[in-house]
$ cat data34.cif   # mmCIF, C-alpha atoms
data_start
#
loop_
_atom_site.label_atom_id
_atom_site.label_comp_id
_atom_site.auth_asym_id
_atom_site.auth_seq_id
_atom_site.Cartn_x
_atom_site.Cartn_y
_atom_site.Cartn_z
CA MET A 1 -41.65 -22.09 -18.52
CA ILE A 2 -38.14 -20.92 -19.49
CA LYS A 3 -35.81 -23.83 -20.24
CA VAL A 4 -32.27 -23.03 -19.09
CA LEU A 5 -28.94 -24.73 -19.83
CA ILE A 6 -25.84 -23.77 -17.82
CA ASN A 7 -22.47 -23.67 -19.56
CA GLY A 8 -19.81 -24.29 -16.92
CA ILE A 9 -22.11 -26.28 -14.64
CA ASN A 10 -19.22 -27.85 -12.68
CA GLY A 11 -17.85 -24.49 -11.55
CA LYS A 12 -18.83 -22.69 -8.36
CA MET A 13 -20.99 -20.18 -10.21
CA GLY A 14 -22.58 -22.84 -12.40
CA LYS A 15 -23.63 -24.77 -9.31
CA GLU A 16 -24.94 -21.59 -7.67
CA VAL A 17 -27.08 -20.76 -10.71
CA ALA A 18 -28.47 -24.31 -10.66
CA ASN A 19 -29.45 -23.87 -7.00
CA GLN A 20 -31.08 -20.51 -7.64
CA ILE A 21 -33.17 -21.84 -10.55
CA LYS A 22 -35.00 -24.07 -8.05
CA LYS A 23 -36.45 -20.91 -6.50
CA HIS A 24 -37.96 -19.70 -9.79
CA SER A 25 -41.32 -21.24 -10.64
CA ASN A 26 -41.08 -19.91 -14.21
CA MET A 27 -37.78 -21.67 -14.98
CA TYR A 28 -36.70 -25.23 -15.59
CA LEU A 29 -33.09 -26.45 -15.46
CA LEU A 30 -32.74 -28.44 -18.64
CA GLY A 31 -29.16 -29.48 -17.96
CA GLY A 32 -25.56 -28.38 -17.93
CA PHE A 33 -22.52 -28.36 -20.18
CA ASP A 34 -18.92 -28.87 -19.06
CA ARG A 35 -15.73 -30.61 -20.11
CA ASN A 36 -16.22 -33.32 -17.50
CA ILE A 37 -19.52 -35.14 -17.11
CA LEU A 38 -20.78 -35.52 -13.56
CA HIS A 39 -23.56 -37.97 -12.79
CA ASN A 40 -26.35 -38.12 -10.22
CA LEU A 41 -26.97 -34.37 -10.26
CA GLY A 42 -30.66 -34.73 -11.06
CA PHE A 43 -30.22 -33.34 -14.58
CA PRO A 44 -28.09 -34.28 -17.60
CA VAL A 45 -24.61 -32.86 -18.10
CA TYR A 46 -23.13 -32.80 -21.61
CA ASN A 47 -19.63 -32.36 -23.00
CA ASP A 48 -20.74 -32.26 -26.63
CA PHE A 49 -23.33 -29.79 -27.89
CA ASN A 50 -24.41 -32.30 -30.54
CA ASN A 51 -25.68 -34.60 -27.80
CA ILE A 52 -28.16 -32.12 -26.35
CA PHE A 53 -31.51 -33.71 -27.21
CA GLU A 54 -33.84 -30.99 -25.85
CA LEU A 55 -32.98 -27.42 -26.77
CA PRO A 56 -32.99 -24.68 -24.12
CA ASP A 57 -34.53 -21.24 -24.50
CA VAL A 58 -31.50 -19.60 -22.87
CA VAL A 59 -27.95 -20.64 -22.03
CA VAL A 60 -26.36 -19.07 -18.95
CA ASP A 61 -22.62 -18.97 -19.45
CA PHE A 62 -20.25 -18.98 -16.46
CA SER A 63 -17.27 -20.74 -18.02
CA ALA A 64 -14.02 -19.73 -19.74
CA PRO A 65 -13.51 -17.65 -22.90
CA GLU A 66 -12.70 -20.66 -25.11
CA SER A 67 -15.83 -22.46 -23.94
CA THR A 68 -17.97 -19.40 -24.59
CA ILE A 69 -16.66 -19.09 -28.13
CA ASN A 70 -17.41 -22.78 -28.75
CA LEU A 71 -20.93 -22.12 -27.49
CA LEU A 72 -21.56 -19.35 -30.04
CA ASN A 73 -21.91 -21.68 -33.04
CA PHE A 74 -24.38 -23.91 -31.23
CA ALA A 75 -26.44 -20.95 -30.03
CA THR A 76 -26.56 -19.15 -33.37
CA ASN A 77 -27.38 -22.33 -35.32
CA LYS A 78 -30.22 -23.21 -32.95
CA LYS A 79 -31.33 -19.58 -32.33
CA ILE A 80 -30.85 -19.77 -28.57
CA ALA A 81 -30.49 -16.66 -26.41
CA LEU A 82 -27.36 -16.24 -24.28
CA VAL A 83 -26.53 -14.69 -20.93
CA ILE A 84 -22.74 -14.35 -20.83
CA ALA A 85 -21.11 -13.76 -17.44
CA THR A 86 -17.67 -15.14 -18.37
CA THR A 87 -14.74 -12.69 -18.30
CA GLY A 88 -11.26 -12.46 -19.79
CA PHE A 89 -12.13 -12.24 -23.51
CA ASP A 90 -9.52 -10.89 -25.87
CA GLU A 91 -10.47 -8.41 -28.59
CA ASP A 92 -11.09 -11.05 -31.25
CA GLN A 93 -13.27 -13.15 -28.95
CA GLN A 94 -15.29 -10.11 -27.92
CA ASN A 95 -15.82 -9.17 -31.56
CA ARG A 96 -17.12 -12.69 -32.26
CA ILE A 97 -19.67 -12.33 -29.46
CA ILE A 98 -20.89 -9.03 -30.88
CA GLU A 99 -21.05 -10.54 -34.38
CA ALA A 100 -23.15 -13.45 -33.06
CA SER A 101 -25.57 -10.97 -31.48
CA LYS A 102 -26.69 -10.01 -34.99
CA GLN A 103 -28.39 -13.43 -35.13
CA ILE A 104 -29.47 -14.04 -31.51
CA PRO A 105 -30.13 -11.96 -28.39
CA ILE A 106 -27.05 -11.83 -26.15
CA TYR A 107 -26.86 -10.22 -22.72
CA GLN A 108 -23.30 -9.77 -21.46
CA SER A 109 -21.97 -8.46 -18.18
CA SER A 110 -18.76 -9.09 -16.26
CA ASN A 111 -20.69 -8.68 -13.02
CA MET A 112 -24.35 -9.59 -12.61
CA SER A 113 -24.78 -7.69 -9.33
CA TYR A 114 -27.41 -4.94 -9.37
CA GLU A 115 -25.30 -2.86 -6.98
CA ILE A 116 -22.36 -3.00 -9.38
CA THR A 117 -24.70 -1.59 -12.02
CA LEU A 118 -25.47 1.26 -9.60
CA MET A 119 -21.76 1.67 -8.88
CA LYS A 120 -21.04 2.20 -12.56
CA ASP A 121 -23.64 4.97 -12.65
CA ILE A 122 -22.24 6.55 -9.49
CA VAL A 123 -18.57 6.58 -10.52
CA SER A 124 -19.35 7.88 -14.01
CA SER A 125 -21.31 10.76 -12.45
CA LEU A 126 -18.58 11.47 -9.89
CA SER A 127 -15.93 11.57 -12.59
CA GLN A 128 -17.80 14.46 -14.20
CA LYS A 129 -18.24 16.29 -10.90
CA LEU A 130 -14.59 15.75 -9.94
CA PRO A 131 -12.94 16.34 -13.33
CA ASN A 132 -9.45 17.00 -11.95
CA SER A 133 -9.26 13.86 -9.83
CA GLU A 134 -6.68 11.14 -10.23
CA ILE A 135 -8.59 7.86 -10.53
CA GLU A 136 -7.42 4.48 -9.28
CA ILE A 137 -9.32 1.18 -9.33
CA ILE A 138 -8.40 -1.59 -6.89
CA GLU A 139 -9.92 -5.07 -7.17
CA THR A 140 -9.49 -8.14 -4.97
CA HIS A 141 -10.49 -11.72 -5.81
CA HIS A 142 -9.89 -15.31 -4.78
CA ASP A 143 -6.73 -17.15 -5.80
CA LYS A 144 -8.49 -19.15 -8.54
CA LYS A 145 -9.34 -16.14 -10.71
CA VAL A 146 -7.16 -16.18 -13.82
CA ASP A 147 -7.78 -12.81 -15.48
CA SER A 148 -6.65 -9.42 -14.24
CA PRO A 149 -7.74 -6.75 -13.97
CA SER A 150 -11.20 -8.15 -13.40
CA GLY A 151 -13.89 -7.67 -15.99
CA THR A 152 -15.82 -5.65 -13.42
CA ALA A 153 -12.89 -3.27 -12.89
CA LEU A 154 -12.72 -2.72 -16.64
CA GLU A 155 -16.48 -2.12 -16.80
CA LEU A 156 -16.19 0.51 -14.07
CA ALA A 157 -13.39 2.21 -15.99
CA ASN A 158 -15.35 2.00 -19.23
CA ALA A 159 -18.32 3.72 -17.55
CA ILE A 160 -16.01 6.58 -16.54
CA GLN A 161 -14.54 6.72 -20.04
CA LYS A 162 -17.95 6.92 -21.67
CA ALA A 163 -18.95 9.80 -19.41
CA ASN A 164 -15.79 11.75 -20.26
CA ASN A 165 -15.45 11.41 -24.03
CA ASN A 166 -12.72 8.75 -23.72
CA LYS A 167 -10.16 11.19 -22.35
CA TYR A 168 -8.50 8.58 -20.12
CA PHE A 169 -6.07 5.78 -20.87
CA TYR A 170 -5.63 2.64 -18.77
CA GLU A 171 -2.42 2.05 -16.85
CA LEU A 172 -2.25 -1.68 -16.15
CA ASN A 173 1.43 -2.07 -15.20
CA ARG A 174 3.68 0.54 -13.63
CA LEU A 175 6.58 -1.87 -13.14
CA GLN A 176 8.53 -0.53 -16.11
CA LYS A 177 7.44 3.10 -15.74
CA HIS A 178 9.79 5.66 -14.20
CA GLU A 179 7.80 8.85 -14.51
CA LYS A 180 5.19 10.72 -12.54
CA ARG A 181 1.54 9.88 -12.85
CA ASN A 182 -0.32 11.16 -15.91
CA PRO A 183 -3.49 13.06 -14.88
CA ASN A 184 -5.47 11.29 -17.61
CA GLU A 185 -4.63 7.76 -16.63
CA ILE A 186 -6.86 5.33 -14.73
CA GLY A 187 -4.62 3.04 -12.72
CA PHE A 188 -5.50 -0.57 -11.93
CA SER A 189 -4.33 -2.73 -9.02
CA SER A 190 -5.22 -6.44 -8.74
CA ILE A 191 -4.98 -8.51 -5.57
CA ARG A 192 -5.39 -12.30 -5.56
CA GLY A 193 -5.65 -14.52 -2.51
CA GLY A 194 -7.78 -16.78 -0.36
CA ASN A 195 -11.46 -17.17 -1.09
CA ILE A 196 -12.52 -13.54 -1.52
CA ILE A 197 -15.51 -13.47 -3.86
CA GLY A 198 -15.00 -9.92 -5.08
CA LYS A 199 -14.14 -6.44 -3.86
CA HIS A 200 -13.90 -3.32 -6.04
CA SER A 201 -12.91 0.21 -5.09
CA VAL A 202 -12.79 3.32 -7.26
CA ILE A 203 -10.84 6.12 -5.61
CA PHE A 204 -10.83 9.76 -6.71
CA PHE A 205 -7.69 11.49 -5.40
CA ASN A 206 -7.41 15.24 -5.05
CA GLU A 207 -4.77 17.42 -3.42
CA ASN A 208 -6.32 17.56 0.05
CA GLU A 209 -8.88 14.75 0.08
CA SER A 210 -10.00 11.57 -1.59
CA PHE A 211 -13.38 10.03 -2.37
CA GLU A 212 -13.79 6.24 -2.45
CA VAL A 213 -16.67 4.13 -3.75
CA LYS A 214 -16.44 0.47 -2.75
CA HIS A 215 -18.47 -2.67 -3.37
CA THR A 216 -17.90 -6.01 -1.62
CA ALA A 217 -19.57 -9.28 -2.61
CA TYR A 218 -20.13 -11.65 0.32
CA SER A 219 -21.97 -14.40 -1.56
CA ARG A 220 -22.00 -15.78 -5.10
CA SER A 221 -25.78 -15.85 -4.90
CA ILE A 222 -25.99 -12.19 -5.93
CA PHE A 223 -24.39 -13.03 -9.29
CA ALA A 224 -26.63 -16.04 -9.82
CA GLU A 225 -29.74 -14.00 -8.99
CA GLY A 226 -28.66 -11.29 -11.40
CA ALA A 227 -28.00 -13.83 -14.14
CA LEU A 228 -31.51 -15.24 -13.78
CA LYS A 229 -33.02 -11.76 -13.96
CA ALA A 230 -31.05 -11.40 -17.18
CA VAL A 231 -32.56 -14.70 -18.37
CA GLU A 232 -36.07 -13.36 -17.80
CA PHE A 233 -35.16 -10.23 -19.73
CA ILE A 234 -33.27 -11.68 -22.69
CA VAL A 235 -35.63 -14.54 -23.51
CA SER A 236 -38.21 -12.14 -25.00
CA GLN A 237 -35.78 -9.83 -26.82
CA PRO A 238 -34.99 -9.74 -30.53
CA ALA A 239 -31.48 -10.43 -31.78
CA GLY A 240 -29.05 -7.83 -30.47
CA TYR A 241 -26.29 -7.07 -28.00
CA TYR A 242 -27.49 -6.08 -24.53
CA VAL A 243 -25.43 -4.86 -21.57
CA SER A 244 -26.31 -4.01 -17.98
CA SER A 245 -28.29 -0.79 -17.66
CA GLY A 246 -30.38 -1.36 -14.55
CA THR A 247 -33.59 -1.43 -16.58
CA PHE A 248 -34.44 -5.00 -15.60
CA LEU A 249 -32.17 -5.62 -12.63
#
$ encode --input "data34.cif" --output "structure tokens"
Amino acid sequence: MIKVLINGINGKMGKEVANQIKKHSNMYLLGGFDRNILHNLGFPVYNDFNNIFELPDVVVDFSAPESTINLLNFATNKKIALVIATTGFDEDQQNRIIEASKQIPIYQSSNMSYEITLMKDIVSSLSQKLPNSEIEIIETHHDKKVDSPSGTALELANAIQKANNNKYFYELNRLQKHEKRNPNEIGFSSIRGGNIIGKHSVIFFNENESFEVKHTAYSRSIFAEGALKAVEFIVSQPAGYYVSSGTFL
């Protein structure tokens, strides 16, 4: 039985992961961690890692960057595996996650959807087959999302970069630019509004045609299901840094 703790249990994704764990006979929800303690949930919720009396095998993290970084010390000291689905890390925070992975197994992905994993493979392959295309990434999310561009949009761009020897640069803001488009830029557009769970498009523009690859998430359950597949994978791995590859999803 895999004992799971959810960091960010009060959030929409934390609650969705808790619901999905009930469907897994090989998992047990040990409890949750959040700034505010909610009662009568059927499991304990903590706001201090020192108060956790039964240690989990894995922590699933759907929280905020600062909370994730606070989690690292607890996880490394207790040798607990992590599944990190939080986004919006700055360079220093990301480096601290990678440093922690030298002591514990950490799986990290900005999007736990299997189809997003496929999309990364598809757009990286297309970028090689359409080498002269102008590439734009458009992402749309609900009005509560605080980081932009989304972590998923950056992962899609990074997949293209890796397939093309890092020849591209990222254009995140054209407001102050007064020049024509550089052929080696990947442009990003972020839309925020309503309750849209997530929509990502990668468009390859050529002189007489364009090619668009699009993914739309209709339910948060796909991310929770992916996170729990990551739990099953990471719990048996040695210390290291693991990213989505489709091998277990």
$ resolve_selection --input "data34.cif" --expression "the PyMOL selection byres ((chain A and resi 18) around 9)" --output "ChimeraX atom specification"
/A:6,9,13-17,19-22,29,31-32,224
$ residues_around --input "data34.cif" --residues "region 40-52 of chain A" --least-positions-apart "4" --cutoff "7 Å" --atoms "all atoms listed in the file" --output "list in words"
Leu30, Gly31, Gly32, Phe33, Asp34, Arg35, Asn36 and Phe74 of chain A
$ closest_residue --input "data34.cif" --among "A:Leu175, A:Val202, A:Ile122, A:Val60" --to "Leu154 (chain A)" --atoms "only C-alpha atoms"
A:Val202
$ closest_residue --input "data34.cif" --among "A:Phe188, A:Tyr242, A:Phe233, A:Phe89" --to "Glu171 (chain A)" --atoms "all atoms listed in the file"
A:Phe188
$ resolve_selection --input "data34.cif" --expression "the PyMOL selection byres ((chain A and resi 109-113) around 6)" --output "PyMOL selection string"
chain A and resi 85+87+108+114-116+151-152+222-223+226-227
$ write_last_selection --input "data34.cif" --atoms "C-alpha atoms" --output "PDB file, keeping the file's coordinate frame"
ATOM      1  CA  ALA A  85     -21.110 -13.760 -17.440  1.00  0.00           C
ATOM      2  CA  THR A  87     -14.740 -12.690 -18.300  1.00  0.00           C
ATOM      3  CA  GLN A 108     -23.300  -9.770 -21.460  1.00  0.00           C
ATOM      4  CA  TYR A 114     -27.410  -4.940  -9.370  1.00  0.00           C
ATOM      5  CA  GLU A 115     -25.300  -2.860  -6.980  1.00  0.00           C
ATOM      6  CA  ILE A 116     -22.360  -3.000  -9.380  1.00  0.00           C
ATOM      7  CA  GLY A 151     -13.890  -7.670 -15.990  1.00  0.00           C
ATOM      8  CA  THR A 152     -15.820  -5.650 -13.420  1.00  0.00           C
ATOM      9  CA  ILE A 222     -25.990 -12.190  -5.930  1.00  0.00           C
ATOM     10  CA  PHE A 223     -24.390 -13.030  -9.290  1.00  0.00           C
ATOM     11  CA  GLY A 226     -28.660 -11.290 -11.400  1.00  0.00           C
ATOM     12  CA  ALA A 227     -28.000 -13.830 -14.140  1.00  0.00           C
TER      13      ALA A 227
END
$ closest_residue --input "data34.cif" --among "A:Thr140, A:Ala157, A:Tyr241, A:Leu228" --to "Arg96 (chain A)" --atoms "all atoms listed in the file"
A:Tyr241
$ resolve_selection --input "data34.cif" --expression "the PyMOL selection byres ((chain A and resi 162) around 12)" --output "list in words"
Lys120, Asp121, Val123, Ser124, Ser125, Ser127, Gln128, Glu155, Leu156, Ala157, Asn158, Ala159, Ile160, Gln161, Ala163, Asn164, Asn165, Asn166, Lys167, Tyr168 and Phe169 of chain A
$ write_last_selection --input "data34.cif" --atoms "C-alpha atoms" --output "PDB file, in the coordinates of the input"
ATOM      1  CA  LYS A 120     -21.040   2.200 -12.560  1.00  0.00           C
ATOM      2  CA  ASP A 121     -23.640   4.970 -12.650  1.00  0.00           C
ATOM      3  CA  VAL A 123     -18.570   6.580 -10.520  1.00  0.00           C
ATOM      4  CA  SER A 124     -19.350   7.880 -14.010  1.00  0.00           C
ATOM      5  CA  SER A 125     -21.310  10.760 -12.450  1.00  0.00           C
ATOM      6  CA  SER A 127     -15.930  11.570 -12.590  1.00  0.00           C
ATOM      7  CA  GLN A 128     -17.800  14.460 -14.200  1.00  0.00           C
ATOM      8  CA  GLU A 155     -16.480  -2.120 -16.800  1.00  0.00           C
ATOM      9  CA  LEU A 156     -16.190   0.510 -14.070  1.00  0.00           C
ATOM     10  CA  ALA A 157     -13.390   2.210 -15.990  1.00  0.00           C
ATOM     11  CA  ASN A 158     -15.350   2.000 -19.230  1.00  0.00           C
ATOM     12  CA  ALA A 159     -18.320   3.720 -17.550  1.00  0.00           C
ATOM     13  CA  ILE A 160     -16.010   6.580 -16.540  1.00  0.00           C
ATOM     14  CA  GLN A 161     -14.540   6.720 -20.040  1.00  0.00           C
ATOM     15  CA  ALA A 163     -18.950   9.800 -19.410  1.00  0.00           C
ATOM     16  CA  ASN A 164     -15.790  11.750 -20.260  1.00  0.00           C
ATOM     17  CA  ASN A 165     -15.450  11.410 -24.030  1.00  0.00           C
ATOM     18  CA  ASN A 166     -12.720   8.750 -23.720  1.00  0.00           C
ATOM     19  CA  LYS A 167     -10.160  11.190 -22.350  1.00  0.00           C
ATOM     20  CA  TYR A 168      -8.500   8.580 -20.120  1.00  0.00           C
ATOM     21  CA  PHE A 169      -6.070   5.780 -20.870  1.00  0.00           C
TER      22      PHE A 169
END
$ atom_distance --input "data34.cif" --atom1 "CA of Pro131 (chain A)" --atom2 "CA of Phe205 (chain A)"
10.7 Å
$ residues_around --input "data34.cif" --residues "Val146 (chain A)" --least-positions-apart "2" --cutoff "10 Å" --atoms "only C-alpha atoms" --output "count of residues only"
11
$ closest_residue --input "data34.cif" --among "A:Val213, A:Ile106, A:Ala81, A:Leu172" --to "Met119 (chain A)" --atoms "all atoms listed in the file"
A:Val213
$ closest_residue --input "data34.cif" --among "A:Lys3, A:Glu91, A:Gly8, A:Leu82" --to "Leu55 (chain A)" --atoms "only C-alpha atoms"
A:Lys3
$ atom_distance --input "data34.cif" --atom1 "CA of Tyr218 (chain A)" --atom2 "CA of Lys199 (chain A)"
9.0 Å
$ closest_residue --input "data34.cif" --among "A:Ser190, A:Glu66, A:Asp57, A:Ile197" --to "Ile80 (chain A)" --atoms "all atoms listed in the file"
A:Asp57
$ atom_distance --input "data34.cif" --atom1 "CA of Met1 (chain A)" --atom2 "CA of Asn26 (chain A)"
4.9 Å
$ residues_around --input "data34.cif" --residues "Ser210 (chain A)" --least-positions-apart "6" --cutoff "9 Å" --atoms "only C-alpha atoms" --output "PDB file with C-alpha atoms, in the frame of the given file"
ATOM      1  CA  SER A 133      -9.260  13.860  -9.830  1.00  0.00           C
ATOM      2  CA  ILE A 203     -10.840   6.120  -5.610  1.00  0.00           C
ATOM      3  CA  PHE A 204     -10.830   9.760  -6.710  1.00  0.00           C
TER       4      PHE A 204
END
